[in-house]
$ cat entry_10.cif   # mmCIF, C-alpha atoms and all ligand atoms; chains and numbers go by the auth columns
data_coords
loop_
_atom_site.group_PDB
_atom_site.id
_atom_site.type_symbol
_atom_site.label_atom_id
_atom_site.label_comp_id
_atom_site.label_asym_id
_atom_site.label_seq_id
_atom_site.Cartn_x
_atom_site.Cartn_y
_atom_site.Cartn_z
_atom_site.B_iso_or_equiv
_atom_site.auth_seq_id
_atom_site.auth_asym_id
ATOM 1 C CA MET A 1 -12.861 71.629 15.308 0.00 1456 A
ATOM 2 C CA HIS A 2 -15.115 73.481 17.750 0.00 1457 A
ATOM 3 C CA GLU A 3 -12.033 74.550 19.729 0.00 1458 A
ATOM 4 C CA LEU A 4 -11.422 77.293 17.157 0.00 1459 A
ATOM 5 C CA ALA A 5 -14.734 79.045 17.919 0.00 1460 A
ATOM 6 C CA ILE A 6 -14.334 78.440 21.641 0.00 1461 A
ATOM 7 C CA THR A 7 -10.836 79.879 21.664 0.00 1462 A
ATOM 8 C CA GLN A 8 -11.953 82.909 19.666 0.00 1463 A
ATOM 9 C CA ASP A 9 -14.790 83.589 22.136 0.00 1464 A
ATOM 10 C CA MET A 10 -12.428 83.126 25.063 0.00 1465 A
ATOM 11 C CA LEU A 11 -9.867 85.493 23.571 0.00 1466 A
ATOM 12 C CA ASN A 12 -12.526 88.133 22.825 0.00 1467 A
ATOM 13 C CA LEU A 13 -13.703 87.970 26.429 0.00 1468 A
ATOM 14 C CA VAL A 14 -10.164 88.209 27.785 0.00 1469 A
ATOM 15 C CA LEU A 15 -9.318 91.193 25.572 0.00 1470 A
ATOM 16 C CA GLU A 16 -12.546 92.928 26.551 0.00 1471 A
ATOM 17 C CA GLN A 17 -11.812 92.432 30.272 0.00 1472 A
ATOM 18 C CA ALA A 18 -8.162 93.461 29.867 0.00 1473 A
ATOM 19 C CA GLU A 19 -9.214 96.607 28.018 0.00 1474 A
ATOM 20 C CA LYS A 20 -11.666 97.518 30.783 0.00 1475 A
ATOM 21 C CA ALA A 21 -8.859 97.105 33.307 0.00 1476 A
ATOM 22 C CA GLY A 22 -6.596 99.319 31.211 0.00 1477 A
ATOM 23 C CA ALA A 23 -4.046 96.528 30.839 0.00 1478 A
ATOM 24 C CA LYS A 24 -0.990 96.734 28.617 0.00 1479 A
ATOM 25 C CA GLU A 25 -0.460 93.007 28.543 0.00 1480 A
ATOM 26 C CA VAL A 26 -2.244 89.813 29.575 0.00 1481 A
ATOM 27 C CA GLY A 27 0.040 87.611 31.685 0.00 1482 A
ATOM 28 C CA GLU A 28 -2.010 84.552 32.443 0.00 1483 A
ATOM 29 C CA ILE A 29 -5.403 83.142 31.526 0.00 1484 A
ATOM 30 C CA ASN A 30 -6.946 80.496 33.762 0.00 1485 A
ATOM 31 C CA LEU A 31 -9.466 78.285 32.024 0.00 1486 A
ATOM 32 C CA VAL A 32 -11.797 75.710 33.507 0.00 1487 A
ATOM 33 C CA ILE A 33 -12.776 72.935 31.114 0.00 1488 A
ATOM 34 C CA GLY A 34 -15.153 70.093 31.907 0.00 1489 A
ATOM 35 C CA GLU A 35 -14.322 66.667 30.531 0.00 1490 A
ATOM 36 C CA MET A 36 -17.781 66.346 28.950 0.00 1491 A
ATOM 37 C CA THR A 37 -17.181 69.318 26.674 0.00 1492 A
ATOM 38 C CA GLY A 38 -14.611 67.255 24.765 0.00 1493 A
ATOM 39 C CA VAL A 39 -12.399 70.325 24.480 0.00 1494 A
ATOM 40 C CA VAL A 40 -8.726 69.402 24.101 0.00 1495 A
ATOM 41 C CA GLU A 41 -6.141 71.615 25.820 0.00 1496 A
ATOM 42 C CA ASP A 42 -3.572 71.258 23.053 0.00 1497 A
ATOM 43 C CA CYS A 43 -6.076 72.432 20.439 0.00 1498 A
ATOM 44 C CA VAL A 44 -7.031 75.478 22.489 0.00 1499 A
ATOM 45 C CA GLN A 45 -3.350 76.287 22.982 0.00 1500 A
ATOM 46 C CA PHE A 46 -2.685 75.884 19.268 0.00 1501 A
ATOM 47 C CA TYR A 47 -5.544 78.165 18.207 0.00 1502 A
ATOM 48 C CA PHE A 48 -4.707 80.630 20.945 0.00 1503 A
ATOM 49 C CA ASN A 49 -1.131 81.017 19.677 0.00 1504 A
ATOM 50 C CA PHE A 50 -2.536 81.724 16.239 0.00 1505 A
ATOM 51 C CA LEU A 51 -5.454 84.000 17.199 0.00 1506 A
ATOM 52 C CA SER A 52 -3.688 86.063 19.858 0.00 1507 A
ATOM 53 C CA LYS A 53 -0.942 87.269 17.502 0.00 1508 A
ATOM 54 C CA GLY A 54 -0.845 91.050 17.435 0.00 1509 A
ATOM 55 C CA THR A 55 -3.075 91.410 20.509 0.00 1510 A
ATOM 56 C CA ILE A 56 -2.086 92.265 24.087 0.00 1511 A
ATOM 57 C CA ALA A 57 -2.689 88.606 24.967 0.00 1512 A
ATOM 58 C CA GLU A 58 -0.009 87.451 22.542 0.00 1513 A
ATOM 59 C CA ARG A 59 2.413 86.410 25.286 0.00 1514 A
ATOM 60 C CA ALA A 60 -0.180 85.187 27.772 0.00 1515 A
ATOM 61 C CA ALA A 61 0.254 81.775 29.377 0.00 1516 A
ATOM 62 C CA LEU A 62 -2.778 79.511 29.334 0.00 1517 A
ATOM 63 C CA SER A 63 -3.470 77.524 32.449 0.00 1518 A
ATOM 64 C CA PHE A 64 -6.032 74.712 32.292 0.00 1519 A
ATOM 65 C CA THR A 65 -8.080 73.201 35.058 0.00 1520 A
ATOM 66 C CA MET A 66 -9.784 70.047 33.813 0.00 1521 A
ATOM 67 C CA VAL A 67 -12.956 68.999 35.614 0.00 1522 A
ATOM 68 C CA PRO A 68 -13.768 65.280 35.519 0.00 1523 A
ATOM 69 C CA THR A 69 -17.308 64.219 34.689 0.00 1524 A
ATOM 70 C CA THR A 70 -19.052 63.813 38.008 0.00 1525 A
ATOM 71 C CA ALA A 71 -22.493 62.417 38.665 0.00 1526 A
ATOM 72 C CA ARG A 72 -24.650 62.048 41.729 0.00 1527 A
ATOM 73 C CA CYS A 73 -26.629 58.890 42.285 0.00 1528 A
ATOM 74 C CA ARG A 74 -30.351 59.515 42.714 0.00 1529 A
ATOM 75 C CA VAL A 75 -30.687 56.311 44.715 0.00 1530 A
ATOM 76 C CA CYS A 76 -27.979 56.631 47.388 0.00 1531 A
ATOM 77 C CA ASP A 77 -27.174 60.330 46.827 0.00 1532 A
ATOM 78 C CA LYS A 78 -23.386 59.745 46.571 0.00 1533 A
ATOM 79 C CA PRO A 79 -21.284 61.701 44.061 0.00 1534 A
ATOM 80 C CA PHE A 80 -18.795 59.799 41.912 0.00 1535 A
ATOM 81 C CA GLU A 81 -16.589 60.267 38.867 0.00 1536 A
ATOM 82 C CA LEU A 82 -18.373 59.000 35.818 0.00 1537 A
ATOM 83 C CA LYS A 83 -16.351 56.806 33.493 0.00 1538 A
ATOM 84 C CA GLU A 84 -17.239 56.569 29.853 0.00 1539 A
ATOM 85 C CA PHE A 85 -19.813 53.835 29.079 0.00 1540 A
ATOM 86 C CA ASP A 86 -20.090 52.982 32.758 0.00 1541 A
ATOM 87 C CA TRP A 87 -23.445 54.424 33.655 0.00 1542 A
ATOM 88 C CA ALA A 88 -23.972 52.766 37.036 0.00 1543 A
ATOM 89 C CA CYS A 89 -23.374 53.938 40.574 0.00 1544 A
ATOM 90 C CA PRO A 90 -20.219 52.295 42.014 0.00 1545 A
ATOM 91 C CA TYR A 91 -21.838 52.215 45.473 0.00 1546 A
ATOM 92 C CA CYS A 92 -25.287 50.759 44.855 0.00 1547 A
ATOM 93 C CA GLN A 93 -25.176 49.897 41.116 0.00 1548 A
ATOM 94 C CA GLY A 94 -28.149 52.159 40.553 0.00 1549 A
ATOM 95 C CA ASN A 95 -28.432 53.678 37.099 0.00 1550 A
ATOM 96 C CA SER A 96 -30.419 56.767 37.905 0.00 1551 A
ATOM 97 C CA MET A 97 -28.094 59.751 38.237 0.00 1552 A
ATOM 98 C CA GLU A 98 -27.644 63.374 37.430 0.00 1553 A
ATOM 99 C CA ILE A 99 -24.544 65.059 36.069 0.00 1554 A
ATOM 100 C CA ILE A 100 -23.266 67.586 38.594 0.00 1555 A
ATOM 101 C CA ALA A 101 -19.912 68.528 37.020 0.00 1556 A
ATOM 102 C CA GLY A 102 -18.023 68.134 33.759 0.00 1557 A
ATOM 103 C CA LYS A 103 -19.843 70.585 31.485 0.00 1558 A
ATOM 104 C CA GLU A 104 -17.833 73.603 32.606 0.00 1559 A
ATOM 105 C CA LEU A 105 -16.219 75.846 30.052 0.00 1560 A
ATOM 106 C CA PHE A 106 -15.249 79.293 31.191 0.00 1561 A
ATOM 107 C CA VAL A 107 -12.459 81.737 31.914 0.00 1562 A
ATOM 108 C CA GLU A 108 -11.933 81.605 35.647 0.00 1563 A
ATOM 109 C CA SER A 109 -9.553 84.529 35.904 0.00 1564 A
ATOM 110 C CA ILE A 110 -6.966 86.512 34.006 0.00 1565 A
ATOM 111 C CA GLU A 111 -3.864 88.297 35.177 0.00 1566 A
ATOM 112 C CA VAL A 112 -2.992 91.542 33.483 0.00 1567 A
ATOM 113 C CA GLU A 113 -0.180 94.031 33.667 0.00 1568 A
HETATM 114 ZN ZN ZN B . -25.920 54.809 44.290 0.00 1601 A
#
$ encode --input "entry_10.cif" --output "structure tokens" --more "lines below"
Ligand SMILES: [Zn+2]
Amino acid sequence: MHELAITQDMLNLVLEQAEKAGAKEVGEINLVIGEMTGVVEDCVQFYFNFLSKGTIAERAALSFTMVPTTARCRVCDKPFELKEFDWACPYCQGNSMEIIAGKELFVESIEVE
């Protein structure tokens, strides 16, 4: 259910930016979502349709860029896509790693008219 709050925050930010730009309408909203956030595109789209009614973002198209969970091995220093429940480096089988991508959640850009 946390998509509702996330979508509301995202919409507030978009409207604020659009207002600053003196926009009449928001055409497109580009979102970057990391896999680790667990945010589901369909849910965001659903809440967005509901929340944006009556705002200048009402007809905006949402575009999603999903970022896979990526880790870097602390042993061999190679980056790799981290699969769920598979916490070992595919190159050296080491299990010491740091997450370098996958926690993203932000509005990358918006297009306004
Ligand atoms: Zn490794």
$ resolve_selection --input "entry_10.cif" --expression "the PyMOL selection byres (((chain A and resi 1461) around 12) and not hetatm)" --output "list of chain:residue names"
A:Met1456, A:His1457, A:Glu1458, A:Leu1459, A:Ala1460, A:Thr1462, A:Gln1463, A:Asp1464, A:Met1465, A:Leu1466, A:Asn1467, A:Leu1468, A:Leu1486, A:Ile1488, A:Thr1492, A:Gly1493, A:Val1494, A:Val1495, A:Glu1496, A:Cys1498, A:Val1499, A:Gln1500, A:Tyr1502, A:Phe1503, A:Leu1506, A:Leu1560, A:Phe1561, A:Val1562
$ residues_near_ligand --input "entry_10.cif" --ligand "ligand ZN 1601 (chain A)" --cutoff "7 Å" --atoms "all atoms listed in the file" --output "list in words"
Cys1528, Arg1529, Val1530, Cys1531, Asp1532, Lys1533, Cys1544, Pro1545, Tyr1546, Cys1547, Gln1548 and Gly1549 of chain A
$ resolve_selection --input "entry_10.cif" --expression "the PyMOL selection byres (((chain A and resi 1522) around 9) and not hetatm)" --output "number ranges by chain"
A: 1487-1491, 1520-1521, 1523-1525, 1556-1559
$ closest_residue --input "entry_10.cif" --among "A:Glu1566, A:Glu1483, A:Val1469, A:Met1552" --to "Phe1519 (chain A)" --atoms "only C-alpha atoms"
A:Glu1483
$ closest_residue --input "entry_10.cif" --among "A:Glu1536, A:Ala1515, A:Phe1505, A:Asp1497" --to "Ile1565 (chain A)" --atoms "all atoms listed in the file"
A:Ala1515
$ axis_aligned_box --input "entry_10.cif" --around "region 1516-1522 of chain A" --padding-each-side "8 Å" --output "JSON"
{"center_x": -6.4, "center_y": 75.4, "center_z": 32.5, "size_x": 29.2, "size_y": 28.8, "size_z": 22.3}
$ closest_residue --input "entry_10.cif" --among "A:Ala1543, A:Val1567, A:Ile1554, A:Leu1517" --to "Glu1480 (chain A)" --atoms "all atoms listed in the file"
A:Val1567
$ closest_residue --input "entry_10.cif" --among "A:Ser1518, A:Ser1551, A:Arg1527, A:Ile1511" --to "Ala1473 (chain A)" --atoms "all atoms listed in the file"
A:Ile1511
$ atom_distance --input "entry_10.cif" --atom1 "CA of Arg1514 (chain A)" --atom2 "CA of Leu1470 (chain A)"
12.7 Å
$ closest_residue --input "entry_10.cif" --among "A:Leu1537, A:Lys1508, A:Ala1526, A:Glu1568" --to "Val1481 (chain A)" --atoms "all atoms listed in the file"
A:Glu1568
$ atom_distance --input "entry_10.cif" --atom1 "CA of Glu1553 (chain A)" --atom2 "CA of Pro1534 (chain A)"
9.3 Å
$ closest_residue --input "entry_10.cif" --among "A:Thr1510, A:Lys1479, A:Phe1535, A:Trp1542" --to "Ile1555 (chain A)" --atoms "all atoms listed in the file"
A:Phe1535
$ atom_distance --input "entry_10.cif" --atom1 "CA of Ile1484 (chain A)" --atom2 "CA of Ser1564 (chain A)"
6.2 Å
$ build_atoms --input "entry_10.cif" --residues "region 1521-1541 of chain A" --atoms "N, CA and C atoms" --output "mmCIF file, keeping the file's coordinate frame"
data_model
loop_
_atom_site.group_PDB
_atom_site.id
_atom_site.type_symbol
_atom_site.label_atom_id
_atom_site.label_comp_id
_atom_site.auth_asym_id
_atom_site.auth_seq_id
_atom_site.Cartn_x
_atom_site.Cartn_y
_atom_site.Cartn_z
ATOM 1 N N MET A 1521 -8.837 70.985 34.400
ATOM 2 C CA MET A 1521 -9.784 70.047 33.813
ATOM 3 C C MET A 1521 -10.699 69.495 34.914
ATOM 4 N N VAL A 1522 -11.988 69.500 34.635
ATOM 5 C CA VAL A 1522 -12.956 68.999 35.614
ATOM 6 C C VAL A 1522 -13.491 67.643 35.146
ATOM 7 N N PRO A 1523 -13.273 66.589 35.938
ATOM 8 C CA PRO A 1523 -13.768 65.280 35.519
ATOM 9 C C PRO A 1523 -15.302 65.235 35.536
ATOM 10 N N THR A 1524 -15.858 64.378 34.713
ATOM 11 C CA THR A 1524 -17.308 64.219 34.689
ATOM 12 C C THR A 1524 -17.763 63.585 36.002
ATOM 13 N N THR A 1525 -18.603 64.288 36.708
ATOM 14 C CA THR A 1525 -19.052 63.813 38.008
ATOM 15 C C THR A 1525 -20.570 63.720 38.029
ATOM 16 N N ALA A 1526 -21.053 62.626 38.574
ATOM 17 C CA ALA A 1526 -22.493 62.417 38.665
ATOM 18 C C ALA A 1526 -22.880 62.184 40.118
ATOM 19 N N ARG A 1527 -24.160 62.394 40.408
ATOM 20 C CA ARG A 1527 -24.650 62.048 41.729
ATOM 21 C C ARG A 1527 -25.771 61.028 41.569
ATOM 22 N N CYS A 1528 -25.649 59.964 42.349
ATOM 23 C CA CYS A 1528 -26.629 58.890 42.285
ATOM 24 C C CYS A 1528 -27.948 59.358 42.900
ATOM 25 N N ARG A 1529 -29.042 59.105 42.189
ATOM 26 C CA ARG A 1529 -30.351 59.515 42.714
ATOM 27 C C ARG A 1529 -30.877 58.515 43.737
ATOM 28 N N VAL A 1530 -30.237 57.351 43.789
ATOM 29 C CA VAL A 1530 -30.687 56.311 44.715
ATOM 30 C C VAL A 1530 -30.028 56.485 46.081
ATOM 31 N N CYS A 1531 -28.668 56.537 46.097
ATOM 32 C CA CYS A 1531 -27.979 56.631 47.388
ATOM 33 C C CYS A 1531 -27.398 58.028 47.640
ATOM 34 N N ASP A 1532 -27.566 58.927 46.660
ATOM 35 C CA ASP A 1532 -27.174 60.330 46.827
ATOM 36 C C ASP A 1532 -25.666 60.557 46.918
ATOM 37 N N LYS A 1533 -24.837 59.571 46.517
ATOM 38 C CA LYS A 1533 -23.386 59.745 46.571
ATOM 39 C C LYS A 1533 -22.863 60.286 45.247
ATOM 40 N N PRO A 1534 -21.913 61.236 45.298
ATOM 41 C CA PRO A 1534 -21.284 61.701 44.061
ATOM 42 C C PRO A 1534 -20.143 60.766 43.655
ATOM 43 N N PHE A 1535 -19.909 60.630 42.375
ATOM 44 C CA PHE A 1535 -18.795 59.799 41.912
ATOM 45 C C PHE A 1535 -18.369 60.249 40.529
ATOM 46 N N GLU A 1536 -17.115 59.923 40.185
ATOM 47 C CA GLU A 1536 -16.589 60.267 38.867
ATOM 48 C C GLU A 1536 -17.157 59.283 37.854
ATOM 49 N N LEU A 1537 -17.718 59.833 36.817
ATOM 50 C CA LEU A 1537 -18.373 59.000 35.818
ATOM 51 C C LEU A 1537 -17.389 58.604 34.725
ATOM 52 N N LYS A 1538 -17.221 57.296 34.565
ATOM 53 C CA LYS A 1538 -16.351 56.806 33.493
ATOM 54 C C LYS A 1538 -17.193 56.583 32.244
ATOM 55 N N GLU A 1539 -16.540 56.735 31.117
ATOM 56 C CA GLU A 1539 -17.239 56.569 29.853
ATOM 57 C C GLU A 1539 -17.865 55.162 29.753
ATOM 58 N N PHE A 1540 -19.090 55.093 29.290
ATOM 59 C CA PHE A 1540 -19.813 53.835 29.079
ATOM 60 C C PHE A 1540 -20.038 53.038 30.370
ATOM 61 N N ASP A 1541 -19.878 53.694 31.504
ATOM 62 C CA ASP A 1541 -20.090 52.982 32.758
ATOM 63 C C ASP A 1541 -21.147 53.741 33.557
#
